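Okay, so here's the structure we're looking at.
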Amino acid sequence: MRTFAIVNRKGGVGKTTTAVNLAYVLATSCQQRVLLVDADGQANATQILPKGEYAGLGALLRGYVMCYDELTVHTDVEGLDMIPAAEDLWALDLEAAGGDRNRVYRAIRDMREAMEEDDAYDVMIIDCPPNLSAACVSAILASDAVIIPVLSDACSATGVGELIDQIASMRSLHPGLRVSGILINQWHRSPVVEDSVAYLREESLAPVYDTVIRRTDKVPESSWARVAVQEYSPWCSAARDYRAWVAELLVKEGMINE
Ligand SMILES: Nc1ncnc2c1ncn2[C@@H]1O[C@H](COP(=O)(O)OP(=O)(O)OP(=O)(O)O)[C@@H](O)[C@H]1O
Ligand SMILES: [Mg+2]
């Protein structure tokens with residue numbers, strides 16, 4: 001099972017949008033069995049599920065639930081299951097500070113191993129919060145590779161180096177950890193965007209995907225409608241860009257032949 005964590009300590013860069021659309025495209029266009037995990041107490045990715053009471057990732061990280069099938073929820077999209085988040089993820093960091101932080105760090109990796117034994121899913125995608133919380137570290141340590149969405153402005157471009165250094169420092173705990181790539185989001189034609197994209201492509205310590213995701217109001221509209229933009233407006237620019245990017249990702253990650 002391939003596992004990707006969608007990470008950036010900056011808020012509002014498109015982590016959730018990327019996680020949801022990646023999961024949606026892999027399940028619908030690529031017939032993969034996909035698990036989308038919401039590791040953010042804001043529970044934004046969880047919005048694609050009907051409102052309800054769910055055990056959620058917090059129960060796993062606290063050790064209350066040891067079987068992943070008590071946590072997974074089917075979505076309306078065939079092939080796409082989810083482990084939702086709830087606000088209890090906020091409190092976890094305070095608890096973990098006094099408790100067994102290592103258990104929290106291992107929890108998602110242990111769950112991944114159980115899923116691999118059962119051949120339950122082909123791909124797991126973890127939507128991370130905008131900080132290196134215990135849940136975020138657990139997600140990164142369970143992943144083959146990290147995907148970093150960034151906004152195409154100068155401020156975001158210059159912060160990426162620090163994030164890549166922090167991910168590199170986690171290799172002492174997870175030697176195989178890679179940055180799959182940097183995904184430029186909310187691209188639009190403007191001199192500052194073009195300068196910061198050029199800066200990222202030249203200076204970045206990690207690969208930058210060729211595909212960029214264009215800015216369109218269809219994306220926030222789809223968030224309001226609680227569905228992936230793929231479903232809300234399949235032919236808008238960002239929906240098409242996400243499909244092109246997933247095709248690029250599958251080739252670059254060796255998941256299909258070019
Ligand atoms: N390509 C795009 N075009 C226009 N708006 C976008 C695009 N991608 C994301 N957005 C909007 O930007 C906002 C932030 O996106 P998103 O929630 O995916 O970011 P995030 O990194 O997950 O944020 P947080 O750090 O708070 O979890 C949302 O309102 C979303 O609808
Ligand atoms: Mg988010």
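All residue names refer to the structure tokens as shown: chains lettered A, B, ... in order, residues numbered from 1 in each chain, ligands numbered from 1 in order.
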Which residues are close to A:Pro220, i.e. within 12 Å by only C-alpha atoms, leaving aside same-chain residues fewer than 6 positions away? Reply as a VMD selection string. chain A and resid 12 14 16 to 17 186 226 to 229 232 to 233 238
Helix (DSSP H, G or I) positions in stretch 29-223 of chain A, given as a JSON list (two decimals) with N, CA, C and O atoms, in the first residue's frame:
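What follows is the written file states_4.json:
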[["chain", "number", "residue", "atom", "x", "y", "z"],
["A", 45, "ALA", "N", -11.39, 17.80, 5.69],
["A", 45, "ALA", "CA", -11.58, 16.69, 4.73],
["A", 45, "ALA", "C", -12.80, 15.86, 5.11],
["A", 45, "ALA", "O", -13.51, 15.33, 4.24],
["A", 46, "THR", "N", -13.07, 15.78, 6.41],
["A", 46, "THR", "CA", -14.22, 15.00, 6.92],
["A", 46, "THR", "C", -15.55, 15.55, 6.41],
["A", 46, "THR", "O", -16.56, 14.84, 6.42],
["A", 47, "GLN", "N", -15.54, 16.81, 5.93],
["A", 47, "GLN", "CA", -16.78, 17.43, 5.42],
["A", 47, "GLN", "C", -17.39, 16.66, 4.24],
["A", 47, "GLN", "O", -18.56, 16.84, 3.95],
["A", 48, "ILE", "N", -16.59, 15.84, 3.56],
["A", 48, "ILE", "CA", -17.17, 15.09, 2.43],
["A", 48, "ILE", "C", -18.09, 13.97, 2.93],
["A", 48, "ILE", "O", -18.83, 13.38, 2.15],
["A", 57, "LEU", "N", -9.90, 9.49, 13.96],
["A", 57, "LEU", "CA", -8.49, 9.16, 14.12],
["A", 57, "LEU", "C", -8.02, 9.32, 15.57],
["A", 57, "LEU", "O", -7.13, 8.60, 16.02],
["A", 58, "GLY", "N", -8.63, 10.27, 16.31],
["A", 58, "GLY", "CA", -8.23, 10.49, 17.70],
["A", 58, "GLY", "C", -8.30, 9.21, 18.53],
["A", 58, "GLY", "O", -7.45, 8.96, 19.38],
["A", 59, "ALA", "N", -9.32, 8.39, 18.25],
["A", 59, "ALA", "CA", -9.48, 7.14, 19.00],
["A", 59, "ALA", "C", -8.31, 6.19, 18.75],
["A", 59, "ALA", "O", -7.85, 5.49, 19.66],
["A", 60, "LEU", "N", -7.82, 6.20, 17.53],
["A", 60, "LEU", "CA", -6.65, 5.35, 17.22],
["A", 60, "LEU", "C", -5.40, 5.89, 17.90],
["A", 60, "LEU", "O", -4.64, 5.13, 18.53],
["A", 61, "LEU", "N", -5.20, 7.21, 17.81],
["A", 61, "LEU", "CA", -3.96, 7.79, 18.34],
["A", 61, "LEU", "C", -3.92, 7.69, 19.87],
["A", 61, "LEU", "O", -2.84, 7.62, 20.46],
["A", 68, "TYR", "N", -8.53, -1.13, 12.64],
["A", 68, "TYR", "CA", -8.84, -0.01, 11.73],
["A", 68, "TYR", "C", -10.26, -0.09, 11.19],
["A", 68, "TYR", "O", -10.87, 0.93, 10.91],
["A", 69, "ASP", "N", -10.81, -1.32, 11.08],
["A", 69, "ASP", "CA", -12.16, -1.38, 10.49],
["A", 69, "ASP", "C", -13.25, -0.85, 11.44],
["A", 69, "ASP", "O", -14.38, -0.67, 11.04],
["A", 70, "GLU", "N", -12.88, -0.55, 12.67],
["A", 70, "GLU", "CA", -13.83, 0.15, 13.54],
["A", 70, "GLU", "C", -13.85, 1.65, 13.26],
["A", 70, "GLU", "O", -14.71, 2.38, 13.75],
["A", 88, "ASP", "N", -11.35, 16.35, 18.85],
["A", 88, "ASP", "CA", -10.52, 15.76, 19.90],
["A", 88, "ASP", "C", -9.05, 15.69, 19.51],
["A", 88, "ASP", "O", -8.19, 15.51, 20.34],
["A", 89, "LEU", "N", -8.76, 15.86, 18.20],
["A", 89, "LEU", "CA", -7.35, 15.85, 17.80],
["A", 89, "LEU", "C", -6.60, 17.06, 18.37],
["A", 89, "LEU", "O", -5.39, 17.00, 18.58],
["A", 90, "TRP", "N", -7.31, 18.15, 18.63],
["A", 90, "TRP", "CA", -6.65, 19.33, 19.21],
["A", 90, "TRP", "C", -6.01, 19.00, 20.55],
["A", 90, "TRP", "O", -4.90, 19.43, 20.83],
["A", 91, "ALA", "N", -6.77, 18.27, 21.37],
["A", 91, "ALA", "CA", -6.32, 18.01, 22.74],
["A", 91, "ALA", "C", -5.16, 17.02, 22.79],
["A", 91, "ALA", "O", -4.44, 16.96, 23.78],
["A", 92, "LEU", "N", -4.99, 16.27, 21.72],
["A", 92, "LEU", "CA", -4.02, 15.18, 21.74],
["A", 92, "LEU", "C", -2.61, 15.67, 22.06],
["A", 92, "LEU", "O", -1.87, 15.00, 22.78],
["A", 93, "ASP", "N", -2.24, 16.84, 21.54],
["A", 93, "ASP", "CA", -0.88, 17.32, 21.76],
["A", 93, "ASP", "C", -0.62, 17.60, 23.23],
["A", 93, "ASP", "O", 0.45, 17.32, 23.74],
["A", 94, "LEU", "N", -1.64, 18.15, 23.90],
["A", 94, "LEU", "CA", -1.48, 18.42, 25.33],
["A", 94, "LEU", "C", -1.32, 17.10, 26.08],
["A", 94, "LEU", "O", -0.46, 16.95, 26.94],
["A", 95, "GLU", "N", -2.15, 16.12, 25.71],
["A", 95, "GLU", "CA", -2.06, 14.82, 26.38],
["A", 95, "GLU", "C", -0.73, 14.15, 26.07],
["A", 95, "GLU", "O", -0.07, 13.60, 26.95],
["A", 96, "ALA", "N", -0.34, 14.21, 24.77],
["A", 96, "ALA", "CA", 0.87, 13.49, 24.37],
["A", 96, "ALA", "C", 2.10, 14.09, 25.04],
["A", 96, "ALA", "O", 3.07, 13.39, 25.29],
["A", 97, "ALA", "N", 2.03, 15.40, 25.36],
["A", 97, "ALA", "CA", 3.18, 16.04, 26.01],
["A", 97, "ALA", "C", 3.46, 15.38, 27.35],
["A", 97, "ALA", "O", 4.60, 15.21, 27.75],
["A", 98, "GLY", "N", 2.38, 14.96, 28.03],
["A", 98, "GLY", "CA", 2.59, 14.33, 29.33],
["A", 98, "GLY", "C", 2.58, 12.81, 29.24],
["A", 98, "GLY", "O", 2.97, 12.13, 30.17],
["A", 101, "ARG", "N", 4.20, 9.82, 23.96],
["A", 101, "ARG", "CA", 4.25, 10.42, 22.63],
["A", 101, "ARG", "C", 4.69, 9.39, 21.58],
["A", 101, "ARG", "O", 4.20, 9.40, 20.45],
["A", 102, "ASN", "N", 5.59, 8.50, 21.96],
["A", 102, "ASN", "CA", 6.07, 7.52, 20.98],
["A", 102, "ASN", "C", 4.96, 6.60, 20.50],
["A", 102, "ASN", "O", 4.94, 6.17, 19.36],
["A", 103, "ARG", "N", 4.01, 6.30, 21.39],
["A", 103, "ARG", "CA", 2.89, 5.45, 20.98],
["A", 103, "ARG", "C", 2.06, 6.17, 19.92],
["A", 103, "ARG", "O", 1.64, 5.59, 18.93],
["A", 104, "VAL", "N", 1.86, 7.49, 20.14],
["A", 104, "VAL", "CA", 1.10, 8.28, 19.16],
["A", 104, "VAL", "C", 1.87, 8.27, 17.82],
["A", 104, "VAL", "O", 1.28, 8.07, 16.76],
["A", 105, "TYR", "N", 3.18, 8.49, 17.90],
["A", 105, "TYR", "CA", 3.97, 8.54, 16.66],
["A", 105, "TYR", "C", 3.89, 7.22, 15.88],
["A", 105, "TYR", "O", 3.95, 7.22, 14.66],
["A", 106, "ARG", "N", 3.79, 6.11, 16.60],
["A", 106, "ARG", "CA", 3.78, 4.79, 15.93],
["A", 106, "ARG", "C", 2.40, 4.39, 15.43],
["A", 106, "ARG", "O", 2.26, 3.47, 14.63],
["A", 107, "ALA", "N", 1.35, 5.05, 15.93],
["A", 107, "ALA", "CA", -0.01, 4.52, 15.77],
["A", 107, "ALA", "C", -0.43, 4.35, 14.31],
["A", 107, "ALA", "O", -0.98, 3.32, 13.93],
["A", 108, "ILE", "N", -0.16, 5.37, 13.46],
["A", 108, "ILE", "CA", -0.64, 5.26, 12.08],
["A", 108, "ILE", "C", 0.21, 4.24, 11.31],
["A", 108, "ILE", "O", -0.30, 3.49, 10.49],
["A", 109, "ARG", "N", 1.51, 4.19, 11.66],
["A", 109, "ARG", "CA", 2.36, 3.19, 10.99],
["A", 109, "ARG", "C", 1.90, 1.77, 11.34],
["A", 109, "ARG", "O", 1.85, 0.89, 10.50],
["A", 110, "ASP", "N", 1.57, 1.54, 12.61],
["A", 110, "ASP", "CA", 1.07, 0.21, 13.01],
["A", 110, "ASP", "C", -0.22, -0.12, 12.28],
["A", 110, "ASP", "O", -0.42, -1.25, 11.82],
["A", 111, "MET", "N", -1.10, 0.88, 12.14],
["A", 111, "MET", "CA", -2.36, 0.65, 11.42],
["A", 111, "MET", "C", -2.06, 0.32, 9.96],
["A", 111, "MET", "O", -2.66, -0.58, 9.37],
["A", 112, "ARG", "N", -1.11, 1.03, 9.38],
["A", 112, "ARG", "CA", -0.75, 0.76, 7.98],
["A", 112, "ARG", "C", -0.28, -0.69, 7.83],
["A", 112, "ARG", "O", -0.66, -1.37, 6.88],
["A", 113, "GLU", "N", 0.54, -1.16, 8.78],
["A", 113, "GLU", "CA", 1.03, -2.53, 8.67],
["A", 113, "GLU", "C", -0.11, -3.54, 8.72],
["A", 113, "GLU", "O", -0.12, -4.52, 7.98],
["A", 114, "ALA", "N", -1.09, -3.28, 9.59],
["A", 114, "ALA", "CA", -2.25, -4.18, 9.67],
["A", 114, "ALA", "C", -3.03, -4.18, 8.35],
["A", 114, "ALA", "O", -3.45, -5.23, 7.86],
["A", 115, "MET", "N", -3.19, -3.01, 7.77],
["A", 115, "MET", "CA", -3.91, -2.91, 6.48],
["A", 115, "MET", "C", -3.14, -3.64, 5.38],
["A", 115, "MET", "O", -3.74, -4.26, 4.50],
["A", 116, "GLU", "N", -1.83, -3.54, 5.42],
["A", 116, "GLU", "CA", -1.03, -4.22, 4.39],
["A", 116, "GLU", "C", -1.15, -5.73, 4.53],
["A", 116, "GLU", "O", -1.27, -6.44, 3.53],
["A", 117, "GLU", "N", -1.17, -6.21, 5.77],
["A", 117, "GLU", "CA", -1.34, -7.66, 5.99],
["A", 117, "GLU", "C", -2.65, -8.14, 5.39],
["A", 117, "GLU", "O", -2.74, -9.23, 4.83],
["A", 118, "ASP", "N", -3.69, -7.32, 5.53],
["A", 118, "ASP", "CA", -5.03, -7.69, 5.07],
["A", 118, "ASP", "C", -5.25, -7.34, 3.60],
["A", 118, "ASP", "O", -6.33, -7.61, 3.07],
["A", 134, "ALA", "N", 1.43, 16.11, 16.99],
["A", 134, "ALA", "CA", 1.73, 14.68, 17.16],
["A", 134, "ALA", "C", 1.04, 13.87, 16.05],
["A", 134, "ALA", "O", 1.61, 12.92, 15.51],
["A", 135, "ALA", "N", -0.19, 14.26, 15.69],
["A", 135, "ALA", "CA", -0.90, 13.53, 14.62],
["A", 135, "ALA", "C", -0.18, 13.69, 13.29],
["A", 135, "ALA", "O", -0.08, 12.74, 12.50],
["A", 136, "CYS", "N", 0.36, 14.88, 13.05],
["A", 136, "CYS", "CA", 1.07, 15.13, 11.79],
["A", 136, "CYS", "C", 2.37, 14.31, 11.75],
["A", 136, "CYS", "O", 2.69, 13.69, 10.72],
["A", 137, "VAL", "N", 3.09, 14.27, 12.86],
["A", 137, "VAL", "CA", 4.32, 13.47, 12.90],
["A", 137, "VAL", "C", 3.98, 12.00, 12.69],
["A", 137, "VAL", "O", 4.64, 11.29, 11.92],
["A", 138, "SER", "N", 2.92, 11.53, 13.34],
["A", 138, "SER", "CA", 2.49, 10.13, 13.17],
["A", 138, "SER", "C", 2.18, 9.84, 11.71],
["A", 138, "SER", "O", 2.55, 8.79, 11.17],
["A", 139, "ALA", "N", 1.53, 10.81, 11.04],
["A", 139, "ALA", "CA", 1.19, 10.64, 9.61],
["A", 139, "ALA", "C", 2.45, 10.57, 8.76],
["A", 139, "ALA", "O", 2.59, 9.71, 7.88],
["A", 140, "ILE", "N", 3.38, 11.46, 9.03],
["A", 140, "ILE", "CA", 4.61, 11.50, 8.21],
["A", 140, "ILE", "C", 5.41, 10.21, 8.42],
["A", 140, "ILE", "O", 5.91, 9.61, 7.46],
["A", 141, "LEU", "N", 5.48, 9.75, 9.67],
["A", 141, "LEU", "CA", 6.27, 8.54, 9.95],
["A", 141, "LEU", "C", 5.63, 7.28, 9.37],
["A", 141, "LEU", "O", 6.28, 6.26, 9.23],
["A", 154, "ALA", "N", 5.59, 34.61, -3.07],
["A", 154, "ALA", "CA", 6.98, 34.61, -2.63],
["A", 154, "ALA", "C", 7.11, 34.08, -1.21],
["A", 154, "ALA", "O", 8.01, 33.31, -0.90],
["A", 155, "CYS", "N", 6.19, 34.45, -0.34],
["A", 155, "CYS", "CA", 6.27, 34.08, 1.06],
["A", 155, "CYS", "C", 6.21, 32.55, 1.22],
["A", 155, "CYS", "O", 6.99, 31.95, 1.96],
["A", 156, "SER", "N", 5.31, 31.91, 0.48],
["A", 156, "SER", "CA", 5.21, 30.45, 0.56],
["A", 156, "SER", "C", 6.45, 29.79, -0.01],
["A", 156, "SER", "O", 6.97, 28.81, 0.53],
["A", 157, "ALA", "N", 6.95, 30.34, -1.12],
["A", 157, "ALA", "CA", 8.10, 29.72, -1.79],
["A", 157, "ALA", "C", 9.31, 29.70, -0.86],
["A", 157, "ALA", "O", 10.03, 28.69, -0.78],
["A", 158, "THR", "N", 9.52, 30.79, -0.12],
["A", 158, "THR", "CA", 10.73, 30.85, 0.70],
["A", 158, "THR", "C", 10.61, 29.99, 1.97],
["A", 158, "THR", "O", 11.61, 29.59, 2.53],
["A", 159, "GLY", "N", 9.39, 29.68, 2.42],
["A", 159, "GLY", "CA", 9.24, 28.86, 3.63],
["A", 159, "GLY", "C", 9.45, 27.37, 3.39],
["A", 159, "GLY", "O", 9.60, 26.60, 4.35],
["A", 160, "VAL", "N", 9.48, 26.95, 2.13],
["A", 160, "VAL", "CA", 9.50, 25.51, 1.85],
["A", 160, "VAL", "C", 10.81, 24.86, 2.27],
["A", 160, "VAL", "O", 10.82, 23.72, 2.73],
["A", 161, "GLY", "N", 11.92, 25.60, 2.16],
["A", 161, "GLY", "CA", 13.23, 25.02, 2.51],
["A", 161, "GLY", "C", 13.26, 24.55, 3.95],
["A", 161, "GLY", "O", 13.73, 23.45, 4.26],
["A", 162, "GLU", "N", 12.70, 25.39, 4.83],
["A", 162, "GLU", "CA", 12.67, 25.05, 6.26],
["A", 162, "GLU", "C", 11.86, 23.77, 6.50],
["A", 162, "GLU", "O", 12.26, 22.89, 7.25],
["A", 163, "LEU", "N", 10.73, 23.68, 5.80],
["A", 163, "LEU", "CA", 9.88, 22.49, 5.96],
["A", 163, "LEU", "C", 10.62, 21.24, 5.48],
["A", 163, "LEU", "O", 10.57, 20.19, 6.14],
["A", 164, "ILE", "N", 11.31, 21.36, 4.36],
["A", 164, "ILE", "CA", 12.03, 20.20, 3.83],
["A", 164, "ILE", "C", 13.13, 19.77, 4.81],
["A", 164, "ILE", "O", 13.35, 18.58, 5.04],
["A", 165, "ASP", "N", 13.79, 20.74, 5.46],
["A", 165, "ASP", "CA", 14.80, 20.41, 6.48],
["A", 165, "ASP", "C", 14.15, 19.66, 7.64],
["A", 165, "ASP", "O", 14.72, 18.70, 8.16],
["A", 166, "GLN", "N", 12.97, 20.12, 8.06],
["A", 166, "GLN", "CA", 12.30, 19.46, 9.18],
["A", 166, "GLN", "C", 11.91, 18.02, 8.82],
["A", 166, "GLN", "O", 12.05, 17.11, 9.63],
["A", 167, "ILE", "N", 11.45, 17.84, 7.58],
["A", 167, "ILE", "CA", 11.09, 16.47, 7.15],
["A", 167, "ILE", "C", 12.36, 15.62, 7.10],
["A", 167, "ILE", "O", 12.37, 14.46, 7.55],
["A", 168, "ALA", "N", 13.46, 16.22, 6.61],
["A", 168, "ALA", "CA", 14.73, 15.47, 6.54],
["A", 168, "ALA", "C", 15.17, 15.03, 7.93],
["A", 168, "ALA", "O", 15.69, 13.92, 8.10],
["A", 169, "SER", "N", 14.91, 15.88, 8.93],
["A", 169, "SER", "CA", 15.36, 15.51, 10.28],
["A", 169, "SER", "C", 14.56, 14.32, 10.82],
["A", 169, "SER", "O", 15.01, 13.64, 11.73],
["A", 170, "MET", "N", 13.41, 14.05, 10.24],
["A", 170, "MET", "CA", 12.62, 12.89, 10.69],
["A", 170, "MET", "C", 13.18, 11.58, 10.13],
["A", 170, "MET", "O", 12.72, 10.50, 10.50],
["A", 171, "ARG", "N", 14.17, 11.67, 9.25],
["A", 171, "ARG", "CA", 14.74, 10.43, 8.70],
["A", 171, "ARG", "C", 15.49, 9.63, 9.76],
["A", 171, "ARG", "O", 15.74, 8.46, 9.56],
["A", 172, "SER", "N", 15.82, 10.27, 10.89],
["A", 172, "SER", "CA", 16.44, 9.48, 11.96],
["A", 172, "SER", "C", 15.43, 8.47, 12.51],
["A", 172, "SER", "O", 15.80, 7.39, 12.98],
["A", 191, "PRO", "N", 3.21, 38.53, -12.45],
["A", 191, "PRO", "CA", 4.68, 38.52, -12.37],
["A", 191, "PRO", "C", 5.18, 37.88, -11.07],
["A", 191, "PRO", "O", 6.13, 37.10, -11.09],
["A", 192, "VAL", "N", 4.52, 38.17, -9.95],
["A", 192, "VAL", "CA", 5.04, 37.64, -8.67],
["A", 192, "VAL", "C", 4.88, 36.11, -8.62],
["A", 192, "VAL", "O", 5.75, 35.40, -8.11],
["A", 193, "VAL", "N", 3.79, 35.61, -9.18],
["A", 193, "VAL", "CA", 3.60, 34.15, -9.22],
["A", 193, "VAL", "C", 4.67, 33.52, -10.11],
["A", 193, "VAL", "O", 5.31, 32.53, -9.73],
["A", 194, "GLU", "N", 4.91, 34.13, -11.26],
["A", 194, "GLU", "CA", 5.90, 33.54, -12.16],
["A", 194, "GLU", "C", 7.30, 33.57, -11.54],
["A", 194, "GLU", "O", 8.05, 32.60, -11.64],
["A", 195, "ASP", "N", 7.62, 34.66, -10.82],
["A", 195, "ASP", "CA", 8.94, 34.74, -10.15],
["A", 195, "ASP", "C", 9.07, 33.67, -9.07],
["A", 195, "ASP", "O", 10.09, 33.02, -8.94],
["A", 196, "SER", "N", 8.02, 33.51, -8.26],
["A", 196, "SER", "CA", 8.17, 32.55, -7.15],
["A", 196, "SER", "C", 8.17, 31.11, -7.66],
["A", 196, "SER", "O", 8.86, 30.26, -7.11],
["A", 197, "VAL", "N", 7.43, 30.84, -8.74],
["A", 197, "VAL", "CA", 7.49, 29.49, -9.33],
["A", 197, "VAL", "C", 8.89, 29.23, -9.88],
["A", 197, "VAL", "O", 9.47, 28.16, -9.66],
["A", 198, "ALA", "N", 9.47, 30.22, -10.54],
["A", 198, "ALA", "CA", 10.83, 30.07, -11.09],
["A", 198, "ALA", "C", 11.82, 29.85, -9.95],
["A", 198, "ALA", "O", 12.70, 28.98, -10.02],
["A", 199, "TYR", "N", 11.64, 30.60, -8.85],
["A", 199, "TYR", "CA", 12.52, 30.44, -7.68],
["A", 199, "TYR", "C", 12.43, 29.01, -7.14],
["A", 199, "TYR", "O", 13.45, 28.36, -6.89],
["A", 200, "LEU", "N", 11.18, 28.53, -6.99],
["A", 200, "LEU", "CA", 11.00, 27.17, -6.46],
["A", 200, "LEU", "C", 11.65, 26.13, -7.38],
["A", 200, "LEU", "O", 12.33, 25.22, -6.92],
["A", 201, "ARG", "N", 11.43, 26.27, -8.67],
["A", 201, "ARG", "CA", 11.97, 25.27, -9.60],
["A", 201, "ARG", "C", 13.50, 25.27, -9.61],
["A", 201, "ARG", "O", 14.12, 24.24, -9.77],
["A", 202, "GLU", "N", 14.10, 26.45, -9.39],
["A", 202, "GLU", "CA", 15.57, 26.52, -9.44],
["A", 202, "GLU", "C", 16.21, 26.19, -8.10],
["A", 202, "GLU", "O", 17.22, 25.51, -8.05],
["A", 203, "GLU", "N", 15.62, 26.67, -7.02],
["A", 203, "GLU", "CA", 16.31, 26.64, -5.72],
["A", 203, "GLU", "C", 15.87, 25.51, -4.81],
["A", 203, "GLU", "O", 16.55, 25.21, -3.84],
["A", 218, "LYS", "N", -14.26, 27.77, -8.44],
["A", 218, "LYS", "CA", -14.97, 26.47, -8.34],
["A", 218, "LYS", "C", -14.48, 25.67, -7.13],
["A", 218, "LYS", "O", -15.20, 24.85, -6.58],
["A", 219, "VAL", "N", -13.20, 25.90, -6.73],
["A", 219, "VAL", "CA", -12.66, 25.12, -5.59],
["A", 219, "VAL", "C", -13.34, 25.52, -4.28],
["A", 219, "VAL", "O", -13.91, 24.66, -3.60],
["A", 220, "PRO", "N", -13.33, 26.83, -3.90],
["A", 220, "PRO", "CA", -14.09, 27.16, -2.67],
["A", 220, "PRO", "C", -15.57, 26.83, -2.78],
["A", 220, "PRO", "O", -16.18, 26.42, -1.77],
["A", 221, "GLU", "N", -16.14, 26.96, -3.97],
["A", 221, "GLU", "CA", -17.56, 26.58, -4.11],
["A", 221, "GLU", "C", -17.75, 25.09, -3.80],
["A", 221, "GLU", "O", -18.72, 24.70, -3.15],
["A", 222, "SER", "N", -16.79, 24.27, -4.26],
["A", 222, "SER", "CA", -16.93, 22.83, -4.01],
["A", 222, "SER", "C", -16.79, 22.52, -2.52],
["A", 222, "SER", "O", -17.44, 21.62, -2.01],
["A", 223, "SER", "N", -15.95, 23.33, -1.80],
["A", 223, "SER", "CA", -15.83, 23.12, -0.36],
["A", 223, "SER", "C", -17.17, 23.40, 0.32],
["A", 223, "SER", "O", -17.59, 22.65, 1.21]]
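Here atom 27 (O, counted along the ligand's line) of ligand 1 stands at a distance of 24.3 Å from atom CA of A:His174.
Nearest-residue note for A:Ala120: choosing from A:Ala206, A:Leu22, A:Leu35, A:Ala86, the minimum distance belongs to A:Leu35, counting only C-alpha atoms.
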Using only C-alpha atoms and all ligand atoms, what table do you get, as a tab-separated table, when you list each residue of chain A with an atom no more than 12 Å from ligand 2, its nearest pair of atoms, and their distance in Å rounded to one decimal, rows by chain then rising number?
residue	atom	partner	partner_atom_place_in_ligand_line	distance
A:Ala5	CA	ligand 2	1 (Mg)	12.0
A:Ile6	CA	ligand 2	1 (Mg)	9.2
A:Val7	CA	ligand 2	1 (Mg)	9.2
A:Asn8	CA	ligand 2	1 (Mg)	9.4
A:Arg9	CA	ligand 2	1 (Mg)	10.3
A:Lys10	CA	ligand 2	1 (Mg)	9.8
A:Gly11	CA	ligand 2	1 (Mg)	7.2
A:Gly12	CA	ligand 2	1 (Mg)	6.6
A:Val13	CA	ligand 2	1 (Mg)	8.0
A:Gly14	CA	ligand 2	1 (Mg)	6.7
A:Lys15	CA	ligand 2	1 (Mg)	5.1
A:Thr16	CA	ligand 2	1 (Mg)	4.0
A:Thr17	CA	ligand 2	1 (Mg)	7.3
A:Thr18	CA	ligand 2	1 (Mg)	9.0
A:Ala19	CA	ligand 2	1 (Mg)	8.7
A:Val20	CA	ligand 2	1 (Mg)	9.8
A:Val37	CA	ligand 2	1 (Mg)	11.7
A:Asp38	CA	ligand 2	1 (Mg)	8.8
A:Ala39	CA	ligand 2	1 (Mg)	9.2
A:Asp40	CA	ligand 2	1 (Mg)	6.9
A:Gly41	CA	ligand 2	1 (Mg)	9.3
A:Gln42	CA	ligand 2	1 (Mg)	7.3
A:Ala43	CA	ligand 2	1 (Mg)	7.7
A:Asn44	CA	ligand 2	1 (Mg)	5.8
A:Ala45	CA	ligand 2	1 (Mg)	6.9
A:Thr46	CA	ligand 2	1 (Mg)	10.1
A:Gln47	CA	ligand 2	1 (Mg)	10.9
A:Ala85	CA	ligand 2	1 (Mg)	11.4
A:Ile126	CA	ligand 2	1 (Mg)	10.5
A:Asp127	CA	ligand 2	1 (Mg)	6.7
A:Cys128	CA	ligand 2	1 (Mg)	6.7
A:Pro129	CA	ligand 2	1 (Mg)	5.9
A:Pro130	CA	ligand 2	1 (Mg)	7.1
A:Asn131	CA	ligand 2	1 (Mg)	10.6
A:Cys136	CA	ligand 2	1 (Mg)	11.8
A:Pro149	CA	ligand 2	1 (Mg)	10.7
A:Ser223	CA	ligand 2	1 (Mg)	11.0
Two-atom distance - atom CA of A:Leu36, atom CA of A:Ile125 (Å):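 Those two atoms sit 4.9 Å apart.
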Let me make sure I understand: among A:Asp241, A:Glu87, A:Asp76, A:Asp144, which one has the smallest atom-to-atom distance to ligand 1 if we use only C-alpha atoms and all ligand atoms?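 With only C-alpha atoms and all ligand atoms as the atom set, the closest residue is A:Asp241.
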According to DSSP computed on the backbone, where in stretch 8-212 of chain A is there strand (DSSP E)? Give the residues as an MDAnalysis selection string. chainID A and resid 34:38 73:74 80:83 123:127 145:151 178:185
Atom pair atom 27 (O, counted along the ligand's line) of ligand 1 / atom CA of A:Met66: separation (Å):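 It comes out at 26.5 Å.
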